[in-house]
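The next block holds one structure in the form of structure tokens; read it before the comments.
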Amino acid sequence: MTDYFSLLNEPRRPWLEPEVLKAKFLKLTAAAHPDKQRGANEAEKNAANRHYAKLNAAYQCLSEPKSRLRHLLELELGAKPKDVQQIPPVLADLFAEVATLCRDTDAFLTEKGKAMSPLLQVRFFERAQEWIERLNDLHKKLNGLREKLANELRSLDEKWVVASENSRGGILPKMEELYRLFGYFNRWNSQIQERVVQLSI
């Protein structure tokens, strides 16, 4: 397995500053970018393209907390973390809220799709704006809770940095928990954004 932290000259840790990571990525990819390979022979171009693709994959992985945590856990444990399908009790109410709003939005979208007359389409457009507002409100709520998760991750990172390699094993279960929580928030945000797009059409 490629160590993406090493590839981007970053230490293995749960939290990385986004701007610092982006600056390193841009610096490392500047020379390997396909546009910079005009005078190179075919083998050099192919090697540069492969290196650029690896750097890009590393950046995409490490720039997002969920995928970064998964990669770090894989490196530390030697295997990917198990997926748990059960919603944690702390998120049960939020899960129900997201599921209900998405289900109700889908029902509205089905109804809207059947409208053929221009007058009905105008009415559905106006109602769609109300649904978009409700979805955006929930999206803001989720982003606020996701920011709290990010703060927990920063706090965990502080413990990780000062812990010896032998004592980091005690931090891994919390890291795995955060990995899963980020997964739920990512999925829910994606579901909400998908419906906002459908309502906007």
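Residue numbers start at 1 in each chain; chains themselves are named A, B, ... in the order of the structure tokens; ligands are numbered from 1 in the order shown.
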
Residue contacts of region 134-146 of chain A (8 Å, only C-alpha atoms) excluding same-chain residues fewer than 2 positions away, as a PyMOL selection string: chain A and resi 98+101+130-132+148-150+182+185+189+192+196

Export, as a compact mmCIF listing (two decimals), in the first residue's frame, the selected residues with C-alpha atoms.
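Saved the output as out.txt:
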```txt
# COMPACT_ATOMS: atom_id res chain seq x y z
CA VAL A 98 -32.44 13.32 7.42
CA LEU A 101 -36.83 15.01 4.89
CA GLU A 130 -39.50 25.94 0.08
CA TRP A 131 -38.11 22.40 -0.05
CA ILE A 132 -34.68 23.75 -1.02
CA LYS A 148 -17.65 19.84 16.06
CA LEU A 149 -16.32 16.52 14.76
CA ALA A 150 -13.42 18.36 13.15
CA PHE A 182 -17.45 11.55 9.25
CA PHE A 185 -22.11 13.19 7.76
CA ASN A 189 -24.66 15.93 3.05
CA ILE A 192 -29.18 16.52 0.69
CA VAL A 196 -31.23 20.32 -3.90
```

For a quick check of understanding, using only C-alpha atoms, which of A:Tyr52, A:Phe125, A:Ala47, A:Leu16 has the smallest distance to Ala31 (chain A)? A:Tyr52

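Closest approach to Gln60 (chain A) among A:Asp83, A:Ala43, A:Gly170, A:Leu8 is made by A:Leu8 (distances from only C-alpha atoms).
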
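Coordinates place CA of Glu10 (chain A) at a distance of 16.8 Å from CA of His51 (chain A).
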
Using only C-alpha atoms, determine which residues lie at most 12 Å from Ala57 (chain A), disregarding the query and same-chain residues fewer than 3 positions distant; provide the list as a VMD selection string. chain A and resid 2 to 5 7 to 8 25 29 50 to 54 60 to 64 67 to 68 71

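The space separating CA of Ala79 (chain A) from CA of Leu172 (chain A) comes to 12.7 Å.
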